[in-house]
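Listing of my_file.pdb, PDB, C-alpha atoms, pLDDT in the B column
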```pdb
ATOM      1  CA  MET Z   1       9.410  11.700  42.774  1.00 50.00           C
ATOM      2  CA  GLU Z   2       8.146   9.209  45.315  1.00 55.00           C
ATOM      3  CA  ARG Z   3       5.857  11.423  47.435  1.00 64.00           C
ATOM      4  CA  ARG Z   4       3.677  14.465  46.831  1.00 72.00           C
ATOM      5  CA  PRO Z   5       5.218  17.510  48.532  1.00 75.00           C
ATOM      6  CA  THR Z   6       2.772  19.141  50.935  1.00 75.00           C
ATOM      7  CA  ASN Z   7       3.017  22.460  49.081  1.00 78.00           C
ATOM      8  CA  ALA Z   8       2.399  20.924  45.641  1.00 82.00           C
ATOM      9  CA  ARG Z   9      -0.249  22.626  43.487  1.00 82.00           C
ATOM     10  CA  TRP Z  10      -1.402  19.308  41.971  1.00 83.00           C
ATOM     11  CA  THR Z  11      -3.121  16.134  43.079  1.00 83.00           C
ATOM     12  CA  ILE Z  12      -3.747  12.749  41.543  1.00 82.00           C
ATOM     13  CA  PHE Z  13      -7.190  11.231  41.277  1.00 80.00           C
ATOM     14  CA  PRO Z  14      -6.493   8.055  43.275  1.00 70.00           C
ATOM     15  CA  GLN Z  15      -8.422   5.559  41.213  1.00 66.00           C
ATOM     16  CA  GLU Z  16      -8.624   4.646  37.589  1.00 63.00           C
ATOM     17  CA  LEU Z  17     -11.332   6.195  35.472  1.00 69.00           C
ATOM     18  CA  ASN Z  18     -12.834   4.530  32.492  1.00 67.00           C
ATOM     19  CA  LEU Z  19     -14.806   6.899  30.343  1.00 73.00           C
ATOM     20  CA  GLN Z  20     -18.325   5.818  29.524  1.00 65.00           C
ATOM     21  CA  ASN Z  21     -20.736   8.107  27.763  1.00 54.00           C
ATOM     22  CA  GLY Z  22     -23.426   9.339  30.135  1.00 52.00           C
ATOM     23  CA  LYS Z  23     -21.658   8.017  33.239  1.00 55.00           C
ATOM     24  CA  THR Z  24     -21.581  10.178  36.364  1.00 55.00           C
ATOM     25  CA  TYR Z  25     -18.200  10.379  38.042  1.00 60.00           C
ATOM     26  CA  PHE Z  26     -18.413  10.710  41.805  1.00 65.00           C
ATOM     27  CA  LEU Z  27     -15.514  13.087  42.272  1.00 80.00           C
ATOM     28  CA  ARG Z  28     -17.032  15.099  45.097  1.00 80.00           C
ATOM     29  CA  ASN Z  29     -15.435  13.280  48.036  1.00 81.00           C
ATOM     30  CA  ILE Z  30     -11.947  13.501  46.593  1.00 83.00           C
ATOM     31  CA  ALA Z  31     -12.471  17.053  45.307  1.00 86.00           C
ATOM     32  CA  ASN Z  32     -13.595  17.998  48.818  1.00 86.00           C
ATOM     33  CA  GLY Z  33     -10.505  16.527  50.491  1.00 85.00           C
ATOM     34  CA  VAL Z  34     -11.969  13.320  51.925  1.00 82.00           C
ATOM     35  CA  GLY Z  35      -9.410  10.615  52.658  1.00 80.00           C
ATOM     36  CA  GLY Z  36      -6.485  12.984  53.103  1.00 81.00           C
ATOM     37  CA  HIS Z  37      -6.448  14.196  49.511  1.00 83.00           C
ATOM     38  CA  PRO Z  38      -5.919  17.920  48.959  1.00 88.00           C
ATOM     39  CA  LYS Z  39      -9.089  19.874  48.249  1.00 89.00           C
ATOM     40  CA  TRP Z  40      -9.330  20.868  44.631  1.00 90.00           C
ATOM     41  CA  LYS Z  41      -9.767  24.515  45.646  1.00 88.00           C
ATOM     42  CA  ASP Z  42      -6.183  24.298  46.975  1.00 90.00           C
ATOM     43  CA  VAL Z  43      -4.594  22.947  43.776  1.00 91.00           C
ATOM     44  CA  ASP Z  44      -4.273  24.043  40.160  1.00 91.00           C
ATOM     45  CA  MET Z  45      -4.138  20.625  38.475  1.00 93.00           C
ATOM     46  CA  VAL Z  46      -5.732  17.220  38.907  1.00 93.00           C
ATOM     47  CA  LEU Z  47      -4.105  14.255  37.171  1.00 92.00           C
ATOM     48  CA  PHE Z  48      -6.452  11.480  36.034  1.00 91.00           C
ATOM     49  CA  PRO Z  49      -5.059   8.157  34.800  1.00 90.00           C
ATOM     50  CA  ILE Z  50      -7.708   6.996  32.290  1.00 89.00           C
ATOM     51  CA  ASN Z  51      -8.251   3.337  31.460  1.00 86.00           C
ATOM     52  CA  VAL Z  52      -9.644   2.019  28.199  1.00 84.00           C
ATOM     53  CA  PRO Z  53     -10.726  -1.421  29.516  1.00 82.00           C
ATOM     54  CA  HIS Z  54      -8.449  -4.255  28.441  1.00 80.00           C
ATOM     55  CA  ALA Z  55      -6.735  -2.022  25.877  1.00 84.00           C
ATOM     56  CA  HIS Z  56      -4.918   1.154  26.905  1.00 87.00           C
ATOM     57  CA  TRP Z  57      -4.056   3.865  29.445  1.00 88.00           C
ATOM     58  CA  PHE Z  58      -3.665   7.603  28.893  1.00 92.00           C
ATOM     59  CA  LEU Z  59      -3.443  10.651  31.153  1.00 94.00           C
ATOM     60  CA  ALA Z  60      -5.893  13.534  31.497  1.00 94.00           C
ATOM     61  CA  VAL Z  61      -4.683  16.658  33.326  1.00 95.00           C
ATOM     62  CA  LEU Z  62      -7.423  19.037  34.464  1.00 94.00           C
ATOM     63  CA  HIS Z  63      -6.188  22.629  34.807  1.00 93.00           C
ATOM     64  CA  LEU Z  64      -8.703  24.104  37.234  1.00 89.00           C
ATOM     65  CA  ASP Z  65      -7.634  27.697  36.607  1.00 85.00           C
ATOM     66  CA  ILE Z  66      -8.333  27.608  32.863  1.00 88.00           C
ATOM     67  CA  TRP Z  67     -10.846  24.704  32.606  1.00 89.00           C
ATOM     68  CA  LYS Z  68      -8.786  22.784  30.082  1.00 92.00           C
ATOM     69  CA  VAL Z  69      -7.986  19.092  30.167  1.00 95.00           C
ATOM     70  CA  HIS Z  70      -4.756  18.143  28.454  1.00 96.00           C
ATOM     71  CA  ILE Z  71      -4.732  14.600  27.125  1.00 95.00           C
ATOM     72  CA  TYR Z  72      -1.363  12.829  27.055  1.00 95.00           C
ATOM     73  CA  ASP Z  73      -1.575   9.639  25.021  1.00 92.00           C
ATOM     74  CA  SER Z  74       1.503   7.548  24.208  1.00 88.00           C
ATOM     75  CA  ALA Z  75      -0.320   5.757  21.372  1.00 87.00           C
ATOM     76  CA  ARG Z  76      -1.960   8.606  19.461  1.00 85.00           C
ATOM     77  CA  CYS Z  77      -2.061   6.316  16.429  1.00 84.00           C
ATOM     78  CA  MET Z  78      -4.947   4.481  18.158  1.00 86.00           C
ATOM     79  CA  ASN Z  79      -7.116   7.657  17.902  1.00 88.00           C
ATOM     80  CA  TYR Z  80      -8.715   7.492  21.360  1.00 89.00           C
ATOM     81  CA  PHE Z  81      -8.778  11.294  21.599  1.00 91.00           C
ATOM     82  CA  THR Z  82     -10.854  11.666  18.445  1.00 92.00           C
ATOM     83  CA  THR Z  83     -13.056   8.701  19.365  1.00 90.00           C
ATOM     84  CA  TYR Z  84     -13.869  10.075  22.848  1.00 90.00           C
ATOM     85  CA  LEU Z  85     -14.241  13.652  21.638  1.00 91.00           C
ATOM     86  CA  THR Z  86     -16.704  12.803  18.858  1.00 89.00           C
ATOM     87  CA  GLY Z  87     -18.396  10.037  20.877  1.00 87.00           C
ATOM     88  CA  GLY Z  88     -19.289  12.429  23.712  1.00 87.00           C
ATOM     89  CA  GLU Z  89     -17.335  10.692  26.497  1.00 88.00           C
ATOM     90  CA  PHE Z  90     -15.113  13.730  27.072  1.00 90.00           C
ATOM     91  CA  LYS Z  91     -18.116  16.073  27.171  1.00 89.00           C
ATOM     92  CA  SER Z  92     -19.859  13.794  29.666  1.00 87.00           C
ATOM     93  CA  PHE Z  93     -16.728  13.699  31.828  1.00 88.00           C
ATOM     94  CA  GLY Z  94     -16.323  17.499  31.677  1.00 89.00           C
ATOM     95  CA  ASP Z  95     -19.996  18.084  32.541  1.00 88.00           C
ATOM     96  CA  SER Z  96     -19.671  15.654  35.441  1.00 86.00           C
ATOM     97  CA  ILE Z  97     -16.685  17.585  36.816  1.00 88.00           C
ATOM     98  CA  ILE Z  98     -18.724  20.820  36.877  1.00 88.00           C
ATOM     99  CA  GLU Z  99     -21.757  19.083  38.429  1.00 86.00           C
ATOM    100  CA  GLU Z 100     -19.655  17.461  41.156  1.00 85.00           C
ATOM    101  CA  LEU Z 101     -17.999  20.780  41.986  1.00 87.00           C
ATOM    102  CA  ASP Z 102     -21.478  22.318  42.305  1.00 86.00           C
ATOM    103  CA  VAL Z 103     -22.420  19.666  44.874  1.00 85.00           C
ATOM    104  CA  ILE Z 104     -19.462  20.495  47.157  1.00 85.00           C
ATOM    105  CA  ASP Z 105     -19.918  24.273  46.786  1.00 84.00           C
ATOM    106  CA  TYR Z 106     -16.496  24.586  45.185  1.00 85.00           C
ATOM    107  CA  TRP Z 107     -17.302  27.992  43.703  1.00 82.00           C
ATOM    108  CA  LYS Z 108     -17.895  29.827  47.004  1.00 83.00           C
ATOM    109  CA  ASP Z 109     -14.178  30.519  47.512  1.00 78.00           C
ATOM    110  CA  PHE Z 110     -13.707  32.146  44.116  1.00 77.00           C
ATOM    111  CA  PRO Z 111     -14.635  35.556  42.695  1.00 72.00           C
ATOM    112  CA  ASP Z 112     -18.110  36.027  41.296  1.00 71.00           C
ATOM    113  CA  ARG Z 113     -18.493  34.829  37.717  1.00 68.00           C
ATOM    114  CA  HIS Z 114     -15.627  32.282  38.045  1.00 69.00           C
ATOM    115  CA  LYS Z 115     -18.143  29.540  37.363  1.00 72.00           C
ATOM    116  CA  ASP Z 116     -19.384  31.337  34.237  1.00 72.00           C
ATOM    117  CA  ASN Z 117     -16.164  30.322  32.487  1.00 69.00           C
ATOM    118  CA  ALA Z 118     -16.382  26.711  33.649  1.00 76.00           C
ATOM    119  CA  VAL Z 119     -16.734  24.858  30.378  1.00 83.00           C
ATOM    120  CA  VAL Z 120     -14.218  22.068  30.216  1.00 90.00           C
ATOM    121  CA  GLU Z 121     -12.240  21.949  26.977  1.00 93.00           C
ATOM    122  CA  PHE Z 122     -10.213  18.869  25.998  1.00 95.00           C
ATOM    123  CA  ILE Z 123      -6.877  19.347  24.226  1.00 95.00           C
ATOM    124  CA  ASP Z 124      -4.819  16.628  22.570  1.00 95.00           C
ATOM    125  CA  ILE Z 125      -1.138  17.114  23.431  1.00 93.00           C
ATOM    126  CA  VAL Z 126       0.271  16.087  20.087  1.00 89.00           C
ATOM    127  CA  ASP Z 127       3.953  16.345  20.990  1.00 87.00           C
ATOM    128  CA  ALA Z 128       3.837  14.044  24.034  1.00 88.00           C
ATOM    129  CA  PRO Z 129       6.421  11.250  23.825  1.00 86.00           C
ATOM    130  CA  GLN Z 130       5.040   8.268  21.933  1.00 84.00           C
ATOM    131  CA  GLN Z 131       5.671   4.617  22.553  1.00 82.00           C
ATOM    132  CA  GLU Z 132       6.663   2.418  19.688  1.00 73.00           C
ATOM    133  CA  TYR Z 133       3.231   0.878  19.344  1.00 62.00           C
ATOM    134  CA  ILE Z 134       3.250  -2.889  19.377  1.00 61.00           C
ATOM    135  CA  THR Z 135       0.036  -4.755  20.179  1.00 58.00           C
ATOM    136  CA  ASN Z 136       0.022  -6.137  23.730  1.00 56.00           C
ATOM    137  CA  ARG Z 137       3.383  -4.584  24.581  1.00 63.00           C
ATOM    138  CA  GLY Z 138       1.972  -2.798  27.607  1.00 69.00           C
ATOM    139  CA  ASP Z 139       4.088   0.358  27.713  1.00 81.00           C
ATOM    140  CA  CYS Z 140       1.127   2.760  27.915  1.00 85.00           C
ATOM    141  CA  GLY Z 141       1.011   2.531  31.735  1.00 84.00           C
ATOM    142  CA  VAL Z 142       4.738   3.202  31.904  1.00 84.00           C
ATOM    143  CA  PHE Z 143       4.272   6.281  29.722  1.00 86.00           C
ATOM    144  CA  VAL Z 144       1.352   7.488  31.905  1.00 89.00           C
ATOM    145  CA  SER Z 145       3.611   7.180  34.967  1.00 87.00           C
ATOM    146  CA  MET Z 146       6.378   9.041  33.134  1.00 86.00           C
ATOM    147  CA  TYR Z 147       3.976  11.825  32.096  1.00 91.00           C
ATOM    148  CA  MET Z 148       2.661  12.122  35.661  1.00 90.00           C
ATOM    149  CA  GLU Z 149       6.133  12.432  37.143  1.00 87.00           C
ATOM    150  CA  MET Z 150       7.189  15.035  34.588  1.00 87.00           C
ATOM    151  CA  ILE Z 151       4.057  17.132  35.177  1.00 92.00           C
ATOM    152  CA  ALA Z 152       4.268  16.816  38.969  1.00 90.00           C
ATOM    153  CA  SER Z 153       7.943  17.810  38.851  1.00 87.00           C
ATOM    154  CA  GLY Z 154       7.189  20.833  36.675  1.00 89.00           C
ATOM    155  CA  VAL Z 155       9.340  19.695  33.763  1.00 87.00           C
ATOM    156  CA  PRO Z 156       8.204  19.692  30.132  1.00 88.00           C
ATOM    157  CA  VAL Z 157       6.596  16.457  28.968  1.00 87.00           C
ATOM    158  CA  LYS Z 158       9.167  15.429  26.417  1.00 79.00           C
ATOM    159  CA  SER Z 159      11.979  12.965  26.057  1.00 68.00           C
ATOM    160  CA  ASP Z 160      15.399  13.405  24.555  1.00 65.00           C
ATOM    161  CA  LYS Z 161      15.675   9.621  24.201  1.00 60.00           C
ATOM    162  CA  PRO Z 162      14.294   7.629  21.282  1.00 57.00           C
ATOM    163  CA  CYS Z 163      10.779   6.563  22.257  1.00 65.00           C
ATOM    164  CA  ARG Z 164      11.754   2.905  22.188  1.00 64.00           C
ATOM    165  CA  ASP Z 165      14.350   3.667  24.890  1.00 68.00           C
ATOM    166  CA  ALA Z 166      12.270   6.129  26.942  1.00 68.00           C
ATOM    167  CA  GLY Z 167       9.747   3.511  28.090  1.00 67.00           C
ATOM    168  CA  PHE Z 168      12.457   0.951  28.811  1.00 68.00           C
ATOM    169  CA  LEU Z 169      14.591   3.418  30.785  1.00 73.00           C
ATOM    170  CA  TYR Z 170      11.610   4.666  32.816  1.00 70.00           C
ATOM    171  CA  ARG Z 171      10.486   1.078  33.511  1.00 69.00           C
ATOM    172  CA  ASN Z 172      13.991   0.363  34.878  1.00 74.00           C
ATOM    173  CA  ARG Z 173      13.859   3.516  37.001  1.00 73.00           C
ATOM    174  CA  MET Z 174      10.492   2.427  38.459  1.00 70.00           C
ATOM    175  CA  THR Z 175      11.937  -1.017  39.222  1.00 70.00           C
ATOM    176  CA  ASN Z 176      14.846   0.567  41.074  1.00 70.00           C
ATOM    177  CA  ILE Z 177      12.474   2.671  43.179  1.00 66.00           C
ATOM    178  CA  ILE Z 178      10.165  -0.241  43.971  1.00 68.00           C
ATOM    179  CA  TRP Z 179      12.959  -2.673  44.788  1.00 71.00           C
ATOM    180  CA  ASP Z 180      15.216   0.013  46.278  1.00 72.00           C
ATOM    181  CA  THR Z 181      18.123  -0.968  44.061  1.00 60.00           C
ATOM    182  CA  LYS Z 182      20.668   1.227  42.380  1.00 56.00           C
TER
END
```
C-alpha cells encoding of this file:
Amino acid sequence: MERRPTNARWTIFPQELNLQNGKTYFLRNIANGVGGHPKWKDVDMVLFPINVPHAHWFLAVLHLDIWKVHIYDSARCMNYFTTYLTGGEFKSFGDSIIEELDVIDYWKDFPDRHKDNAVVEFIDIVDAPQQEYITNRGDCGVFVSMYMEMIASGVPVKSDKPCRDAGFLYRNRMTNIIWDTK
C-alpha cells in the first residue's frame, strides 16, 4: 500500500514518538485534522511508530473505539513493553492522549458517557512476527513498516515466512516500491 485510501478508518501519526515518563505529547493538532490529516473522530485506529533513541523501533496502535493500544514489537526479547509499562511511560502516554483529546473537544461528537470509559490500556501483542535479533542489525524499522502495512490493509499481523526471511523479503519489497523496480 503506497497511499492511504480516503475512506480508510485509520491514520498514522506523522512523526516519531519517543516515550519519556512525564512528557506531554502535543497530539491535538494532528488529532484535530491540522495539516490534512484525518480527524481522529473520523477514524478507529491511530498508528504510532515509537522510537527508543539510538536503539529500537516498535509500533503502537491506538484503537479509539475500545481505548486499547496494541504494541507490536519485533524484538520482544528486549523487554521494552515490560520496561515502559512498569516505568510509567505507557501510562503517561495514555494520559496525554486523553488530555489532548479534551483540549480539542473530541468528546462532543460521541454519546454521553463515552469519555467515562476512556482509560487507555496497553496490550503486548505476543504473536507478532519477530526478527532474528542481532545487535545493530536494524530490522526493527522494517518490521514496523511491515506491521503498519498489514494493519492498514486489514490483514492479520503474521508471517508465513521464517522470521529471518520476512524482514529481508519486506525490505526488498520496499526497495522495489521506492526505486520503482520489479
As a ChimeraX atom specification, please: the residues near Ile97 in chain Z (cut-off 12 Å, all atoms listed in the file, same-chain neighbours under 6 positions excluded). /Z:23-28,30-31,40,46,48,62-64,67-69,90-91,103-104,106,118-121
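Minimum atom-to-atom distance to Asn79 in chain Z, evaluated using only C-alpha atoms, belongs to Z:His56 out of Z:His56, Z:Leu101, Z:Asp42, Z:Thr175.
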So how far away is CA of Ala8 in chain Z from CA of Leu169 in chain Z, in Å?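 So the two atoms, CA of Leu169 in chain Z and CA of Ala8 in chain Z, lie 26.0 Å apart.
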Nearest residue to Phe122 in chain Z from the set Z:Ser145, Z:Asn172, Z:Ser96, Z:Thr82 (distances using only C-alpha atoms):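 For Phe122 in chain Z, the nearest of the given residues is Z:Thr82.
Taking all atoms listed in the file into account, the polymer residues that have an atom no farther than 12 Å from (5.7, 17.5, 37.6) are Met1, Glu2, Arg3, Arg4, Pro5, Ala8, Arg9, Trp10, Thr11, Ile12, Met45, Val46, Leu47, Val61, Ser145, Met146, Tyr147, Met148, Glu149, Met150, Ile151, Ala152, Ser153, Gly154, Val155, Pro156, Val157 and Lys158 of chain Z.
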Ranking Z:Asp95, Z:Lys115, Z:Asp109, Z:Ile50 by minimum distance to Phe81 in chain Z and counting only C-alpha atoms, which one comes first?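 Distance minimum relative to Phe81 in chain Z lands on Z:Ile50.
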What does the distance between CA of Tyr170 in chain Z and CA of Leu59 in chain Z come to in Å, to one decimal place?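 We find that CA of Tyr170 in chain Z and CA of Leu59 in chain Z lie 16.3 Å from each other.
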Work out how far apart CA of Asp44 in chain Z and CA of Asp65 in chain Z are and give it in Å to one decimal.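 Value for the CA of Asp44 in chain Z-CA of Asp65 in chain Z distance: 6.1 Å.
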Within 7 Å of (-1.7, 17.8, 24.8) in the file's own coordinates, which protein, DNA or RNA residues have an atom, counting all atoms listed in the file? List them as a PyMOL selection string. chain Z and resi 70-72+123-128
Since the input is missing atoms, can you rebuild N, CA, C and O atoms for range 91-112 of chain Z and write them as a PDB file, in the frame of the given file?
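Written file, result.pdb:
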```pdb
ATOM      1  N   LYS Z  91     -17.115  15.087  26.751  1.00 89.00           N
ATOM      2  CA  LYS Z  91     -18.116  16.073  27.171  1.00 89.00           C
ATOM      3  C   LYS Z  91     -18.823  15.612  28.440  1.00 89.00           C
ATOM      4  O   LYS Z  91     -19.008  16.375  29.382  1.00 89.00           O
ATOM      5  N   SER Z  92     -19.197  14.351  28.491  1.00 87.00           N
ATOM      6  CA  SER Z  92     -19.859  13.794  29.666  1.00 87.00           C
ATOM      7  C   SER Z  92     -18.963  13.914  30.899  1.00 87.00           C
ATOM      8  O   SER Z  92     -19.411  14.286  31.983  1.00 87.00           O
ATOM      9  N   PHE Z  93     -17.686  13.605  30.739  1.00 88.00           N
ATOM     10  CA  PHE Z  93     -16.728  13.699  31.828  1.00 88.00           C
ATOM     11  C   PHE Z  93     -16.580  15.153  32.283  1.00 88.00           C
ATOM     12  O   PHE Z  93     -16.621  15.451  33.480  1.00 88.00           O
ATOM     13  N   GLY Z  94     -16.440  16.082  31.341  1.00 89.00           N
ATOM     14  CA  GLY Z  94     -16.323  17.499  31.677  1.00 89.00           C
ATOM     15  C   GLY Z  94     -17.554  18.025  32.387  1.00 89.00           C
ATOM     16  O   GLY Z  94     -17.459  18.744  33.390  1.00 89.00           O
ATOM     17  N   ASP Z  95     -18.745  17.663  31.890  1.00 88.00           N
ATOM     18  CA  ASP Z  95     -19.996  18.084  32.541  1.00 88.00           C
ATOM     19  C   ASP Z  95     -20.083  17.523  33.954  1.00 88.00           C
ATOM     20  O   ASP Z  95     -20.535  18.192  34.884  1.00 88.00           O
ATOM     21  N   SER Z  96     -19.638  16.282  34.123  1.00 86.00           N
ATOM     22  CA  SER Z  96     -19.671  15.654  35.441  1.00 86.00           C
ATOM     23  C   SER Z  96     -18.753  16.374  36.424  1.00 86.00           C
ATOM     24  O   SER Z  96     -19.096  16.538  37.595  1.00 86.00           O
ATOM     25  N   ILE Z  97     -17.598  16.836  35.946  1.00 88.00           N
ATOM     26  CA  ILE Z  97     -16.685  17.585  36.816  1.00 88.00           C
ATOM     27  C   ILE Z  97     -17.388  18.827  37.349  1.00 88.00           C
ATOM     28  O   ILE Z  97     -17.379  19.093  38.551  1.00 88.00           O
ATOM     29  N   ILE Z  98     -18.024  19.597  36.471  1.00 88.00           N
ATOM     30  CA  ILE Z  98     -18.724  20.820  36.877  1.00 88.00           C
ATOM     31  C   ILE Z  98     -19.853  20.494  37.854  1.00 88.00           C
ATOM     32  O   ILE Z  98     -20.010  21.150  38.887  1.00 88.00           O
ATOM     33  N   GLU Z  99     -20.648  19.471  37.552  1.00 86.00           N
ATOM     34  CA  GLU Z  99     -21.757  19.083  38.429  1.00 86.00           C
ATOM     35  C   GLU Z  99     -21.267  18.679  39.814  1.00 86.00           C
ATOM     36  O   GLU Z  99     -21.863  19.049  40.835  1.00 86.00           O
ATOM     37  N   GLU Z 100     -20.189  17.906  39.866  1.00 85.00           N
ATOM     38  CA  GLU Z 100     -19.655  17.461  41.156  1.00 85.00           C
ATOM     39  C   GLU Z 100     -19.114  18.641  41.961  1.00 85.00           C
ATOM     40  O   GLU Z 100     -19.265  18.688  43.177  1.00 85.00           O
ATOM     41  N   LEU Z 101     -18.494  19.602  41.280  1.00 87.00           N
ATOM     42  CA  LEU Z 101     -17.999  20.780  41.986  1.00 87.00           C
ATOM     43  C   LEU Z 101     -19.153  21.632  42.509  1.00 87.00           C
ATOM     44  O   LEU Z 101     -19.041  22.252  43.569  1.00 87.00           O
ATOM     45  N   ASP Z 102     -20.281  21.638  41.802  1.00 86.00           N
ATOM     46  CA  ASP Z 102     -21.478  22.318  42.305  1.00 86.00           C
ATOM     47  C   ASP Z 102     -21.933  21.701  43.618  1.00 86.00           C
ATOM     48  O   ASP Z 102     -22.275  22.412  44.569  1.00 86.00           O
ATOM     49  N   VAL Z 103     -21.934  20.382  43.693  1.00 85.00           N
ATOM     50  CA  VAL Z 103     -22.420  19.666  44.874  1.00 85.00           C
ATOM     51  C   VAL Z 103     -21.607  20.027  46.120  1.00 85.00           C
ATOM     52  O   VAL Z 103     -22.158  20.157  47.206  1.00 85.00           O
ATOM     53  N   ILE Z 104     -20.293  20.201  45.977  1.00 85.00           N
ATOM     54  CA  ILE Z 104     -19.462  20.495  47.157  1.00 85.00           C
ATOM     55  C   ILE Z 104     -19.275  21.990  47.388  1.00 85.00           C
ATOM     56  O   ILE Z 104     -18.486  22.399  48.217  1.00 85.00           O
ATOM     57  N   ASP Z 105     -20.002  22.818  46.635  1.00 84.00           N
ATOM     58  CA  ASP Z 105     -19.918  24.273  46.786  1.00 84.00           C
ATOM     59  C   ASP Z 105     -18.511  24.804  46.524  1.00 84.00           C
ATOM     60  O   ASP Z 105     -18.025  25.715  47.197  1.00 84.00           O
ATOM     61  N   TYR Z 106     -17.861  24.221  45.566  1.00 85.00           N
ATOM     62  CA  TYR Z 106     -16.496  24.586  45.185  1.00 85.00           C
ATOM     63  C   TYR Z 106     -16.362  26.071  44.862  1.00 85.00           C
ATOM     64  O   TYR Z 106     -15.361  26.701  45.171  1.00 85.00           O
ATOM     65  N   TRP Z 107     -17.369  26.641  44.258  1.00 82.00           N
ATOM     66  CA  TRP Z 107     -17.302  27.992  43.703  1.00 82.00           C
ATOM     67  C   TRP Z 107     -17.305  29.090  44.757  1.00 82.00           C
ATOM     68  O   TRP Z 107     -16.919  30.212  44.471  1.00 82.00           O
ATOM     69  N   LYS Z 108     -17.721  28.781  45.983  1.00 83.00           N
ATOM     70  CA  LYS Z 108     -17.895  29.827  47.004  1.00 83.00           C
ATOM     71  C   LYS Z 108     -16.589  30.553  47.362  1.00 83.00           C
ATOM     72  O   LYS Z 108     -16.623  31.674  47.838  1.00 83.00           O
ATOM     73  N   ASP Z 109     -15.457  29.920  47.159  1.00 78.00           N
ATOM     74  CA  ASP Z 109     -14.178  30.519  47.512  1.00 78.00           C
ATOM     75  C   ASP Z 109     -13.529  31.292  46.365  1.00 78.00           C
ATOM     76  O   ASP Z 109     -12.379  31.701  46.472  1.00 78.00           O
ATOM     77  N   PHE Z 110     -14.262  31.475  45.282  1.00 77.00           N
ATOM     78  CA  PHE Z 110     -13.707  32.146  44.116  1.00 77.00           C
ATOM     79  C   PHE Z 110     -14.491  33.419  43.824  1.00 77.00           C
ATOM     80  O   PHE Z 110     -15.625  33.571  44.273  1.00 77.00           O
ATOM     81  N   PRO Z 111     -13.916  34.322  43.045  1.00 72.00           N
ATOM     82  CA  PRO Z 111     -14.635  35.556  42.695  1.00 72.00           C
ATOM     83  C   PRO Z 111     -15.935  35.239  41.946  1.00 72.00           C
ATOM     84  O   PRO Z 111     -16.054  34.199  41.307  1.00 72.00           O
ATOM     85  N   ASP Z 112     -16.873  36.167  42.057  1.00 71.00           N
ATOM     86  CA  ASP Z 112     -18.110  36.027  41.296  1.00 71.00           C
ATOM     87  C   ASP Z 112     -17.775  35.839  39.821  1.00 71.00           C
ATOM     88  O   ASP Z 112     -16.790  36.361  39.330  1.00 71.00           O
TER      89      ASP Z 112
END
```
